[in-house]
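This is model.cif (mmCIF, C-alpha atoms).
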```cif
data_final
loop_
_atom_site.label_atom_id
_atom_site.label_comp_id
_atom_site.auth_asym_id
_atom_site.auth_seq_id
_atom_site.Cartn_x
_atom_site.Cartn_y
_atom_site.Cartn_z
CA MET A 12 8.02 -6.25 -13.83
CA LEU A 13 7.06 -8.80 -16.47
CA ARG A 14 3.98 -10.79 -15.62
CA ASN A 15 2.42 -13.89 -17.03
CA TYR A 16 -1.13 -13.07 -17.95
CA CYS A 17 -3.84 -15.69 -17.88
CA ASP A 18 -7.34 -15.56 -19.34
CA MET A 19 -9.28 -18.01 -17.25
CA HIS A 20 -12.48 -18.22 -19.28
CA VAL A 21 -12.52 -18.77 -23.03
CA THR A 22 -15.19 -20.82 -24.78
CA THR A 23 -14.70 -22.79 -27.98
CA LYS A 24 -17.11 -24.20 -30.55
CA HIS A 25 -17.38 -27.36 -28.45
CA SER A 26 -20.08 -25.49 -26.50
CA TYR A 27 -21.34 -21.87 -26.73
CA GLY A 28 -18.32 -20.52 -28.61
CA VAL A 29 -17.87 -19.98 -32.35
CA ASN A 30 -14.11 -20.43 -32.85
CA SER A 31 -11.79 -23.41 -32.77
CA VAL A 32 -9.02 -23.91 -30.23
CA GLU A 33 -6.44 -23.09 -32.90
CA GLU A 34 -7.98 -19.70 -33.74
CA ILE A 35 -8.27 -18.86 -30.05
CA ALA A 36 -4.64 -19.82 -29.39
CA GLY A 37 -3.58 -17.63 -32.34
CA HIS A 38 -5.41 -14.60 -31.00
CA ALA A 39 -4.16 -15.23 -27.46
CA GLY A 40 -0.60 -15.18 -28.80
CA LYS A 41 -1.27 -11.85 -30.58
CA LEU A 42 -2.65 -10.35 -27.37
CA GLY A 43 0.35 -11.41 -25.30
CA LEU A 44 -1.46 -13.92 -23.10
CA ASP A 45 0.71 -16.68 -21.62
CA THR A 46 -2.02 -19.02 -20.43
CA ILE A 47 -5.63 -19.53 -21.43
CA VAL A 48 -8.16 -21.84 -19.85
CA ILE A 49 -10.73 -23.34 -22.20
CA LEU A 50 -13.97 -23.49 -20.22
CA ASP A 51 -16.58 -25.30 -22.23
CA GLY A 52 -20.06 -26.03 -20.97
CA ILE A 53 -19.99 -29.79 -21.44
CA ASP A 54 -21.50 -32.59 -19.39
CA SER A 55 -19.84 -35.80 -20.55
CA LEU A 56 -16.31 -37.15 -20.28
CA GLU A 57 -16.26 -37.95 -24.02
CA ASP A 58 -16.77 -34.25 -24.84
CA LEU A 59 -13.95 -33.35 -22.45
CA GLU A 60 -11.68 -35.87 -24.16
CA SER A 61 -12.46 -34.41 -27.59
CA VAL A 62 -11.62 -30.89 -26.32
CA LYS A 63 -8.36 -32.23 -24.89
CA LYS A 64 -7.56 -33.94 -28.18
CA ASP A 65 -8.11 -30.63 -30.02
CA VAL A 66 -5.85 -28.82 -27.57
CA MET A 67 -3.11 -31.44 -27.94
CA SER A 68 -3.17 -31.04 -31.73
CA VAL A 69 -2.61 -27.27 -31.55
CA LYS A 70 0.98 -26.07 -31.69
CA SER A 71 1.26 -22.75 -29.90
CA ASP A 72 3.49 -20.86 -27.49
CA VAL A 73 0.44 -20.20 -25.35
CA ASN A 74 -0.12 -22.62 -22.49
CA ILE A 75 -3.65 -24.00 -22.97
CA LEU A 76 -5.46 -25.65 -20.08
CA VAL A 77 -8.75 -27.47 -20.31
CA GLY A 78 -11.45 -26.84 -17.76
CA VAL A 79 -15.18 -27.40 -17.55
CA GLU A 80 -17.91 -24.87 -16.93
CA ILE A 81 -20.67 -26.77 -15.19
CA LYS A 82 -24.20 -25.60 -15.89
CA ALA A 83 -26.58 -27.35 -13.53
CA GLU A 84 -30.27 -26.94 -12.77
CA ASN A 85 -30.02 -27.94 -9.11
CA GLN A 86 -27.52 -28.73 -6.36
CA THR A 87 -27.65 -32.52 -6.73
CA ARG A 88 -26.87 -32.32 -10.43
CA LEU A 89 -24.07 -29.83 -9.69
CA CYS A 90 -22.44 -32.20 -7.15
CA ASN A 91 -22.68 -35.12 -9.57
CA LEU A 92 -21.02 -33.17 -12.37
CA ILE A 93 -18.28 -31.85 -10.07
CA ASN A 94 -17.49 -35.42 -8.98
CA ARG A 95 -17.47 -36.53 -12.61
CA PHE A 96 -15.00 -33.91 -13.84
CA ARG A 97 -12.86 -33.00 -10.83
CA ASP A 98 -9.99 -35.38 -11.50
CA LYS A 99 -10.09 -35.02 -15.28
CA ALA A 100 -10.22 -31.24 -15.81
CA ASP A 101 -7.63 -28.61 -14.91
CA VAL A 102 -10.23 -26.12 -13.74
CA ILE A 103 -13.77 -26.62 -12.49
CA ALA A 104 -15.99 -23.57 -12.95
CA VAL A 105 -19.65 -23.27 -12.16
CA TYR A 106 -22.05 -21.31 -14.38
CA GLY A 107 -23.47 -18.80 -11.93
CA GLY A 108 -26.56 -16.65 -11.95
CA GLU A 109 -29.06 -18.78 -10.01
CA LEU A 110 -28.88 -18.03 -6.31
CA GLU A 111 -29.17 -21.69 -5.34
CA ILE A 112 -26.32 -22.66 -7.67
CA ASN A 113 -24.13 -19.74 -6.55
CA ARG A 114 -24.55 -20.88 -2.96
CA ALA A 115 -23.82 -24.54 -3.75
CA ALA A 116 -20.71 -23.54 -5.70
CA VAL A 117 -19.15 -21.44 -2.97
CA GLU A 118 -19.89 -24.14 -0.38
CA ASN A 119 -17.93 -26.71 -2.36
CA PRO A 120 -14.11 -26.62 -1.94
CA ARG A 121 -13.72 -28.73 -5.10
CA VAL A 122 -14.88 -25.79 -7.23
CA ASP A 123 -12.23 -23.35 -8.49
CA LEU A 124 -14.29 -20.58 -10.02
CA LEU A 125 -17.83 -19.22 -9.92
CA THR A 126 -18.47 -17.46 -13.22
CA HIS A 127 -20.68 -14.36 -13.53
CA PRO A 128 -22.69 -14.75 -10.26
CA GLU A 129 -24.71 -11.65 -11.23
CA LEU A 130 -25.79 -12.91 -14.66
CA LYS A 131 -29.35 -11.86 -15.59
CA ARG A 132 -30.05 -10.84 -12.01
CA LYS A 133 -31.36 -7.67 -10.44
CA ASP A 134 -28.90 -8.11 -7.56
CA SER A 135 -25.23 -9.06 -7.38
CA GLY A 136 -25.97 -12.75 -6.77
CA MET A 137 -23.67 -12.87 -3.72
CA ASP A 138 -24.24 -11.82 -0.15
CA HIS A 139 -21.77 -11.54 2.72
CA VAL A 140 -22.44 -15.10 3.93
CA MET A 141 -21.75 -16.56 0.50
CA MET A 142 -18.64 -14.46 0.07
CA ARG A 143 -17.29 -15.67 3.41
CA LEU A 144 -17.91 -19.25 2.29
CA ALA A 145 -16.12 -18.51 -1.01
CA ALA A 146 -13.12 -17.23 0.93
CA GLU A 147 -13.10 -20.27 3.26
CA ASN A 148 -13.41 -22.75 0.40
CA ASN A 149 -10.99 -20.93 -1.94
CA VAL A 150 -13.59 -20.46 -4.66
CA ALA A 151 -12.69 -17.50 -6.88
CA ILE A 152 -15.36 -15.09 -8.08
CA GLU A 153 -15.22 -14.04 -11.72
CA LEU A 154 -15.56 -10.58 -13.21
CA ASN A 155 -16.84 -11.50 -16.65
CA PHE A 156 -15.63 -9.04 -19.29
CA ARG A 157 -18.04 -10.31 -21.92
CA GLU A 158 -21.03 -9.45 -19.79
CA TYR A 159 -19.78 -5.89 -19.59
CA LEU A 160 -18.75 -5.71 -23.25
CA HIS A 161 -22.09 -6.81 -24.65
CA SER A 162 -24.34 -4.68 -22.47
CA TYR A 163 -25.30 -1.05 -23.01
CA LYS A 164 -26.31 1.99 -21.00
CA ARG A 165 -28.66 1.06 -18.14
CA ILE A 166 -27.88 -2.67 -18.22
CA ARG A 167 -24.13 -2.02 -18.29
CA SER A 168 -24.42 0.30 -15.32
CA TYR A 169 -26.28 -2.45 -13.42
CA VAL A 170 -23.63 -5.01 -14.37
CA LEU A 171 -20.80 -2.74 -13.20
CA SER A 172 -22.62 -1.90 -10.01
CA HIS A 173 -23.16 -5.59 -9.20
CA MET A 174 -19.53 -6.40 -9.99
CA ARG A 175 -18.43 -3.53 -7.76
CA ASN A 176 -20.57 -4.92 -4.94
CA ASN A 177 -18.98 -8.36 -5.33
CA VAL A 178 -15.49 -6.85 -5.36
CA MET A 179 -16.25 -4.93 -2.17
CA LEU A 180 -17.46 -8.08 -0.40
CA ALA A 181 -14.55 -10.17 -1.73
CA GLN A 182 -12.04 -7.64 -0.43
CA LYS A 183 -13.73 -7.61 2.97
CA TYR A 184 -13.76 -11.39 3.37
CA GLY A 185 -10.55 -12.18 1.45
CA ALA A 186 -12.09 -14.12 -1.44
CA HIS A 187 -10.19 -14.40 -4.71
CA ILE A 188 -11.28 -12.24 -7.65
CA VAL A 189 -10.48 -13.29 -11.21
CA ALA A 190 -11.01 -10.99 -14.19
CA ALA A 191 -11.61 -13.09 -17.30
CA SER A 192 -12.84 -12.39 -20.81
CA GLY A 193 -15.58 -15.06 -20.92
CA ALA A 194 -15.00 -14.91 -24.68
CA GLU A 195 -17.37 -16.79 -26.95
CA SER A 196 -15.59 -15.46 -30.03
CA VAL A 197 -12.01 -14.40 -30.63
CA TRP A 198 -13.24 -10.79 -30.92
CA ASP A 199 -14.37 -10.88 -27.28
CA MET A 200 -10.83 -11.65 -26.14
CA ARG A 201 -8.70 -8.93 -24.61
CA ALA A 202 -5.10 -8.64 -23.43
CA GLY A 203 -4.37 -9.30 -19.76
CA ARG A 204 -3.76 -5.69 -18.84
CA GLU A 205 -7.05 -4.61 -20.46
CA LEU A 206 -8.95 -7.21 -18.46
CA ALA A 207 -7.24 -5.80 -15.36
CA SER A 208 -8.63 -2.37 -16.20
CA LEU A 209 -12.15 -3.80 -15.78
CA ALA A 210 -11.21 -5.02 -12.30
CA TYR A 211 -9.79 -1.54 -11.64
CA ILE A 212 -12.99 0.29 -12.55
CA CYS A 213 -14.90 -2.21 -10.39
CA GLY A 214 -13.02 -1.02 -7.33
CA LEU A 215 -9.80 -3.06 -7.02
CA ASP A 216 -6.60 -1.06 -6.70
CA ARG A 217 -4.11 -1.24 -9.56
CA GLU A 218 -1.85 -3.92 -8.04
CA LYS A 219 -4.72 -6.23 -7.10
CA ALA A 220 -6.38 -5.67 -10.47
CA VAL A 221 -3.25 -6.86 -12.25
CA LYS A 222 -2.98 -9.84 -9.89
CA SER A 223 -6.57 -10.81 -10.74
CA VAL A 224 -5.40 -11.67 -14.28
CA SER A 225 -1.95 -12.99 -13.45
CA ASP A 226 -1.08 -14.33 -9.99
CA VAL A 227 -4.55 -15.39 -8.83
CA PRO A 228 -5.53 -17.55 -11.85
CA LEU A 229 -2.07 -19.10 -11.96
CA TYR A 230 -2.28 -19.86 -8.23
CA LEU A 231 -5.68 -21.54 -8.70
CA VAL A 232 -4.39 -23.68 -11.56
CA LYS A 233 -1.22 -24.62 -9.69
CA ARG A 234 -3.13 -25.49 -6.53
CA THR A 235 -5.49 -27.76 -8.46
CA ALA A 236 -2.56 -29.57 -10.09
CA GLU A 237 -0.84 -30.04 -6.72
CA ILE A 238 -3.96 -31.46 -5.10
CA ARG A 239 -4.49 -33.81 -8.03
CA ASP A 240 -0.91 -35.05 -8.01
CA ARG A 241 -0.71 -35.63 -4.28
CA THR A 242 -4.14 -37.08 -3.58
CA LEU A 243 -4.07 -40.87 -3.59
CA LYS A 244 -7.67 -41.36 -2.59
CA ASP A 245 -10.40 -39.11 -1.20
CA GLY A 246 -9.05 -37.87 2.12
CA VAL A 247 -5.58 -39.46 1.67
CA LYS A 248 -2.75 -37.39 0.23
CA VAL A 249 1.04 -37.36 0.11
CA VAL A 250 2.41 -34.77 2.49
CA SER A 251 5.70 -33.22 1.43
CA GLU A 252 8.57 -33.69 3.88
CA MET B 9 -3.69 39.03 -27.41
CA LYS B 10 -2.65 35.49 -26.58
CA LEU B 11 -2.85 33.38 -23.45
CA ASN B 12 0.42 32.94 -21.65
CA PRO B 13 1.74 29.37 -21.77
CA MET B 14 1.07 27.41 -18.60
CA PRO B 15 4.10 27.15 -16.29
CA PRO B 16 5.53 23.61 -16.34
CA THR B 17 4.71 23.04 -12.66
CA LEU B 18 1.03 23.70 -13.29
CA ARG B 19 0.71 21.51 -16.36
CA ASP B 20 -0.81 18.03 -16.25
CA ASN B 21 1.55 15.08 -16.23
CA GLN B 22 0.81 13.34 -19.48
CA ARG B 23 1.03 9.77 -20.61
CA TYR B 24 0.91 8.42 -24.15
CA ILE B 25 -0.90 5.11 -24.56
CA VAL B 26 0.35 3.35 -27.68
CA PHE B 27 -2.14 0.86 -29.04
CA GLU B 28 -2.54 -1.54 -31.91
CA ILE B 29 -5.86 -2.45 -33.50
CA VAL B 30 -6.42 -6.11 -34.31
CA SER B 31 -8.91 -6.32 -37.17
CA LYS B 32 -9.43 -7.97 -40.52
CA LYS B 33 -9.75 -4.74 -42.53
CA GLU B 34 -8.11 -1.34 -42.52
CA VAL B 35 -9.39 1.23 -40.05
CA ALA B 36 -9.91 4.91 -40.92
CA PHE B 37 -8.51 7.36 -38.40
CA GLU B 38 -11.69 9.49 -38.14
CA ASN B 39 -13.88 6.45 -37.46
CA MET B 40 -11.47 5.20 -34.82
CA VAL B 41 -11.45 8.57 -33.01
CA ASN B 42 -15.24 8.79 -33.06
CA VAL B 43 -15.59 5.31 -31.64
CA VAL B 44 -13.07 5.94 -28.84
CA TRP B 45 -14.80 9.18 -27.85
CA SER B 46 -18.27 7.67 -27.85
CA ALA B 47 -17.00 4.67 -25.83
CA SER B 48 -15.55 7.07 -23.27
CA LEU B 49 -18.73 9.13 -23.08
CA GLN B 50 -20.78 5.98 -22.73
CA LEU B 51 -18.64 4.49 -19.97
CA PHE B 52 -17.67 7.55 -17.91
CA GLY B 53 -20.07 10.25 -19.09
CA GLU B 54 -19.23 13.83 -20.02
CA ALA B 55 -17.90 14.86 -16.60
CA GLY B 56 -15.70 11.77 -16.30
CA THR B 57 -14.33 12.07 -19.84
CA SER B 58 -13.46 15.73 -19.31
CA LYS B 59 -10.98 14.71 -16.59
CA PHE B 60 -9.02 12.46 -18.95
CA ARG B 61 -8.01 15.34 -21.29
CA MET B 62 -7.85 12.86 -24.16
CA TRP B 63 -6.21 13.67 -27.46
CA VAL B 64 -5.72 11.27 -30.34
CA PRO B 65 -3.01 12.78 -32.58
CA SER B 66 -3.62 12.11 -36.26
CA MET B 67 0.06 12.41 -37.21
CA LEU B 68 0.93 9.49 -34.95
CA PHE B 69 -1.63 7.11 -36.47
CA ASP B 70 0.07 4.47 -38.58
CA LYS B 71 -2.65 3.23 -40.92
CA ALA B 72 -0.62 0.38 -42.35
CA ARG B 73 0.36 -1.11 -39.00
CA LYS B 74 -2.91 0.02 -37.35
CA ARG B 75 -1.03 1.65 -34.51
CA GLY B 76 -1.87 4.90 -32.80
CA VAL B 77 -1.43 6.97 -29.67
CA ILE B 78 -3.85 8.43 -27.14
CA ARG B 79 -2.65 11.16 -24.85
CA THR B 80 -4.18 11.38 -21.38
CA THR B 81 -3.27 12.49 -17.87
CA HIS B 82 -1.03 10.25 -15.79
CA ASP B 83 -3.78 9.37 -13.33
CA SER B 84 -6.36 8.44 -15.99
CA VAL B 85 -4.38 5.73 -17.78
CA GLU B 86 -6.37 2.84 -16.31
CA GLU B 87 -9.69 4.47 -17.17
CA VAL B 88 -8.62 5.09 -20.77
CA ARG B 89 -7.45 1.48 -21.01
CA ALA B 90 -10.92 0.43 -19.90
CA VAL B 91 -12.45 2.75 -22.50
CA ILE B 92 -10.47 1.36 -25.42
CA ALA B 93 -10.97 -2.21 -24.18
CA SER B 94 -14.73 -1.62 -24.37
CA VAL B 95 -14.59 -0.85 -28.11
CA LYS B 96 -15.73 -3.91 -30.00
CA GLU B 97 -16.43 -2.68 -33.50
CA ILE B 98 -15.61 0.15 -35.89
CA GLU B 99 -17.95 0.66 -38.85
CA GLY B 100 -19.46 -2.78 -38.32
CA GLU B 101 -16.09 -4.56 -38.32
CA SER B 102 -15.02 -6.40 -35.17
CA VAL B 103 -11.87 -4.99 -33.61
CA ILE B 104 -9.68 -5.48 -30.55
CA PHE B 105 -7.62 -2.64 -29.13
CA TYR B 106 -4.38 -3.96 -27.71
CA VAL B 107 -2.19 -1.63 -25.63
CA LEU B 108 1.47 -2.00 -26.58
CA GLY B 109 2.74 0.28 -23.85
CA VAL B 110 2.51 3.57 -22.02
CA THR B 111 5.17 6.24 -22.34
CA GLY B 112 5.82 9.65 -20.86
CA THR B 113 6.82 11.44 -24.06
CA ILE B 114 5.85 11.38 -27.71
CA ARG B 115 9.50 10.81 -28.59
CA SER B 116 9.74 7.55 -26.65
CA ALA B 117 6.35 6.44 -28.01
CA LYS B 118 7.71 6.98 -31.52
CA SER B 119 11.03 5.29 -30.95
CA LYS B 120 9.82 2.33 -28.87
CA PHE B 121 6.59 1.40 -30.57
CA LEU B 122 6.09 3.25 -33.85
CA GLY B 123 9.53 2.67 -35.32
CA GLN B 124 10.02 6.40 -36.05
CA VAL B 125 13.58 7.11 -35.01
CA ASP B 126 14.84 10.68 -35.23
CA LEU B 127 18.36 10.51 -36.65
CA ARG B 128 19.35 13.57 -34.63
CA ASP B 129 18.58 11.64 -31.45
CA PHE B 130 21.77 9.71 -30.78
CA GLY B 131 20.48 8.21 -27.52
CA ALA B 132 17.43 6.53 -29.06
CA LYS B 133 17.16 2.78 -29.36
CA ARG B 134 17.30 1.55 -32.94
#
```
Could you quickly redo this structure as C-alpha cells?
Amino acid sequence: MLRNYCDMHVTTKHSYGVNSVEEIAGHAGKLGLDTIVILDGIDSLEDLESVKKDVMSVKSDVNILVGVEIKAENQTRLCNLINRFRDKADVIAVYGGELEINRAAVENPRVDLLTHPELKRKDSGMDHVMMRLAAENNVAIELNFREYLHSYKRIRSYVLSHMRNNVMLAQKYGAHIVAASGAESVWDMRAGRELASLAYICGLDREKAVKSVSDVPLYLVKRTAEIRDRTLKDGVKVVSE
Amino acid sequence: MKLNPMPPTLRDNQRYIVFEIVSKKEVAFENMVNVVWSASLQLFGEAGTSKFRMWVPSMLFDKARKRGVIRTTHDSVEEVRAVIASVKEIEGESVIFYVLGVTGTIRSAKSKFLGQVDLRDFGAKR
C-alpha cells in the first residue's frame, strides 16, 4: 500500500535551522516525503509572513505547510502566542520540555503538537493526567528524531526510555503520536519509513508506527484546515448538512 | 570434514534491505560497513546485534550510485532500518541512508533496485 509520508517538524534558517526552504524541499523530494511542515520558532506575524513568502517562491512537488513552534516562558505568554498565530498558521506546535509549558499545551485544544516533551529532562515530561488531557484535546505528542540522532550512549538511552514511556501512556489513553525529524539541517532529515522505525523501537507496533508519520500528521493538518474554514467566529461554525 | 548444509526449513528467513546513501562525496565500502556495525552495536548492543545476522555484501555495493544491500532476518528489518537511520556521518562527511526497498532475494534486489538484470532470467523486469 502506497502511503503519503509527512515530516511534521522541519526548521529553516528563519529560526534555529541552517538551510533555506528550497534546500529542504529538495532533500524532502529525494527522500520521498510528500508533505513537510516548516515549524519555525518565531514570535511575530511579520516573520510568519516572510516564511510563507519563501515557501510560495519555491517550486517543488513536495507539499509544504507553514506552522509555528511556540517557545514560551510561561502559560500567559503561551496563550497569547497561540491566539496570535492560530488562524494564520497551518500547524501550531509548542516547544516542550518545561513541565508547566507541557501541561499548558496539552490543556489547550487549539494546539496541534507538543514537541519533545522530554527535552533536557530527567523524566519523560508527561504523566498520565497530562496524557489523558492530550487525548481529550487532540494534542499530538512528538517523538523527535533529532533528539535521538544527536545524543550518545547514556543520554540516548535516557531519551529512548522517556520516549518509550510517553508512547506507553499515549497508547493507554488514546493520544496521537507523531514521529518527526525535528531537523535543523537537511542532514537531520530522514525518509518517512525511517522515522517510523524510531516509533517502532519506542514501542509502537509496525502499523501504528507507519501511521505516526503518515495518517496521523495528515489528519492533524486536515482537521486544522477544516476548523479554520468553517469557523466564522469564536464558538460559531458552519455545520455541514 | 565439513558441516552439513542447514536444511531449508531450519534456515532463517532473510530479507535484503536495499539502501541509497545521500551525501556530497563518494563513500568507501569499508568505511560504510564499519559505521553501520558500530551504529548497530551502539543502539542494540552485542546481544541485540547478534540476532540480526547482518551481512553487507561487497559485490552488491554500487559505488557510483551509492547503493548497497544489507541482509538481515525477516523479523529484524525494522531494527536494521532504525540502525541505518541513526548513521549521520561517514569519515566526517554528513550522510543520509535512504531505504529504497526490502526484498526477499538477492535476485529481486538486483533487478528492482540495482539495475543488474540477468539476461538468462526471462521473467525479470527490465
Within 9 Å of Gln124 of chain B using all atoms listed in the file, minus same-chain residues under 6 positions, as a PyMOL selection string: chain B and resi 115+117-118
Residues from last step as file, C-alpha atoms, as a PDB file, in the frame of the given file:
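The result, stored in out-v4.pdb:
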```
ATOM      1  CA  ARG B 115       9.500  10.810 -28.590  1.00  0.00           C
ATOM      2  CA  ALA B 117       6.350   6.440 -28.010  1.00  0.00           C
ATOM      3  CA  LYS B 118       7.710   6.980 -31.520  1.00  0.00           C
TER       4      LYS B 118
END
```
For chain A against chain B, with a cut-off of 8 Å and counting only C-alpha atoms, what is the closest atom pair and its distance in Å to one decimal for every residue that makes the cut, ordered by chain and number, as a Markdown table?
```
| residue | atom | partner | partner_atom | distance |
| --- | --- | --- | --- | --- |
| A:Leu42 | CA | B:Tyr106 | CA | 6.6 |
| A:Leu160 | CA | B:Ser94 | CA | 5.8 |
| A:Lys164 | CA | B:Gln50 | CA | 7.0 |
| A:Trp198 | CA | B:Ser102 | CA | 6.4 |
| A:Asp199 | CA | B:Lys96 | CA | 7.6 |
| A:Met200 | CA | B:Ile104 | CA | 7.7 |
| A:Arg201 | CA | B:Ile104 | CA | 6.9 |
| A:Ala202 | CA | B:Tyr106 | CA | 6.4 |
| A:Glu205 | CA | B:Ala93 | CA | 5.9 |
| A:Leu206 | CA | B:Ala93 | CA | 7.9 |
| A:Ser208 | CA | B:Ala90 | CA | 5.2 |
| A:Leu209 | CA | B:Ala90 | CA | 6.0 |
| A:Tyr211 | CA | B:Glu86 | CA | 7.3 |
| A:Ile212 | CA | B:Glu87 | CA | 7.1 |
```
Go ahead and write the residues just picked, C-alpha atoms, as a tab-separated table (two decimals), keeping the file's coordinate frame.
```
chain	number	residue	atom	x	y	z
A	42	LEU	CA	-2.65	-10.35	-27.37
A	160	LEU	CA	-18.75	-5.71	-23.25
A	164	LYS	CA	-26.31	1.99	-21.00
A	198	TRP	CA	-13.24	-10.79	-30.92
A	199	ASP	CA	-14.37	-10.88	-27.28
A	200	MET	CA	-10.83	-11.65	-26.14
A	201	ARG	CA	-8.70	-8.93	-24.61
A	202	ALA	CA	-5.10	-8.64	-23.43
A	205	GLU	CA	-7.05	-4.61	-20.46
A	206	LEU	CA	-8.95	-7.21	-18.46
A	208	SER	CA	-8.63	-2.37	-16.20
A	209	LEU	CA	-12.15	-3.80	-15.78
A	211	TYR	CA	-9.79	-1.54	-11.64
A	212	ILE	CA	-12.99	0.29	-12.55
```
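Taking atom CA of Ser196 of chain A and atom CA of Ile25 of chain B as the two end points, the separation is 25.9 Å.
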Exactly which residues make up the result of the PyMOL selection byres ((chain B and resi 63-76) around 9) on this file, given as a list in words?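 For this structure, the PyMOL selection byres ((chain B and resi 63-76) around 9) captures Ile25, Val26, Phe27, Glu28, Ile29, Val30, Ser31, Glu34, Val35, Ala36, Phe37, Glu38, Val41, Arg61, Met62, Val77, Ile78, Arg79, Thr80, Ile114, Lys118, Phe121 and Leu122 of chain B.
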Considering all atoms listed in the file, state which residue in the set B:Asn42, B:Ser84, B:Thr111, B:Gln22 is at the smallest distance from Thr57 of chain B.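 With all atoms listed in the file as the atom set, the closest residue is B:Ser84.
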Of the candidates A:Ser223, A:Asn113, A:Asn149, A:Asn155, which one gets nearest to Gly136 of chain A if we count only C-alpha atoms?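 Ranking A:Ser223, A:Asn113, A:Asn149, A:Asn155 by distance to Gly136 of chain A, first place goes to A:Asn113.
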As JSON, please: the centre and edge lengths in Å, to one decimal, of an axis-aligned box enclosing every listed atom of segment 40-58 of chain B with 5 Å added on each side.
```
{"center_x": -16.1, "center_y": 10.1, "center_z": -25.6, "size_x": 19.3, "size_y": 21.2, "size_z": 28.5}
```
Can you measure atom CA of Ala191 of chain A to atom CA of Phe156 of chain A for me? One decimal in Å is fine.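 Answer for the atom CA of Ala191 of chain A to atom CA of Phe156 of chain A separation: 6.0 Å.
Of the residues under consideration (B:Val44, B:Ile98, B:Lys59, B:His82), B:His82 shows the shortest atom-to-atom contact distance to Val110 of chain B when counting all atoms listed in the file.
Excluding Asp226 of chain A itself and any same-chain residue fewer than 5 positions from it, the protein and nucleic acid residues within 9 Å of it, counting all atoms listed in the file, are A:Arg14, A:Asn15, A:Tyr16, A:Cys17, A:Val221, A:Leu231.
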Picked residues, the PyMOL selection byres ((chain A and resi 74) around 12), as a PyMOL selection string: chain A and resi 15-19+32+35-37+39-40+43-49+66-67+69-73+75-77+229+232
Taking (-20.5, -26.3, -9.6) in the coordinates of the supplied file, I want to know which residues reach to within 9 Å of it, counting only C-alpha atoms; could you give the answer as JSON, numbers by chain? {"A": [80, 81, 82, 83, 86, 88, 89, 90, 92, 93, 103, 104, 105, 106, 107, 112, 113, 115, 116, 117, 119, 121, 122, 123, 124, 125]}
Using Å and a single decimal, report how far atom CA of Glu195 of chain A sits from atom CA of Thr23 of chain A.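 So the answer is 6.6 Å.
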Identify the residues within 10 Å of coordinate (-13.7, -13.2, -1.7) (same frame as the file), considering all atoms listed in the file, and give the answer as a list of chain:residue names.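 The residues that fall inside the cut-off are A:Val117, A:His139, A:Met141, A:Met142, A:Arg143, A:Leu144, A:Ala145, A:Ala146, A:Glu147, A:Asn148, A:Asn149, A:Val150, A:Ala151, A:Ile152, A:Asn177, A:Val178, A:Met179, A:Leu180, A:Ala181, A:Gln182, A:Lys183, A:Tyr184, A:Gly185, A:Ala186, A:His187, A:Ile188.
Here, the PyMOL selection byres ((chain A and resi 108) around 6) matches Gly107, Glu109, Pro128, Glu129 and Leu130 of chain A.
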Excluding Val79 of chain A and residues on its chain fewer than 6 positions from it, collect all residues at most 7 Å away from it, counting only C-alpha atoms, and give them as a ChimeraX atom specification. /A:50-53,100,102-104
Which residues are close to Gly100 of chain B, i.e. within 12 Å by all atoms listed in the file, leaving aside same-chain residues fewer than 6 positions away? Reply as a PyMOL selection string. chain B and resi 31-33+35+39-40+43
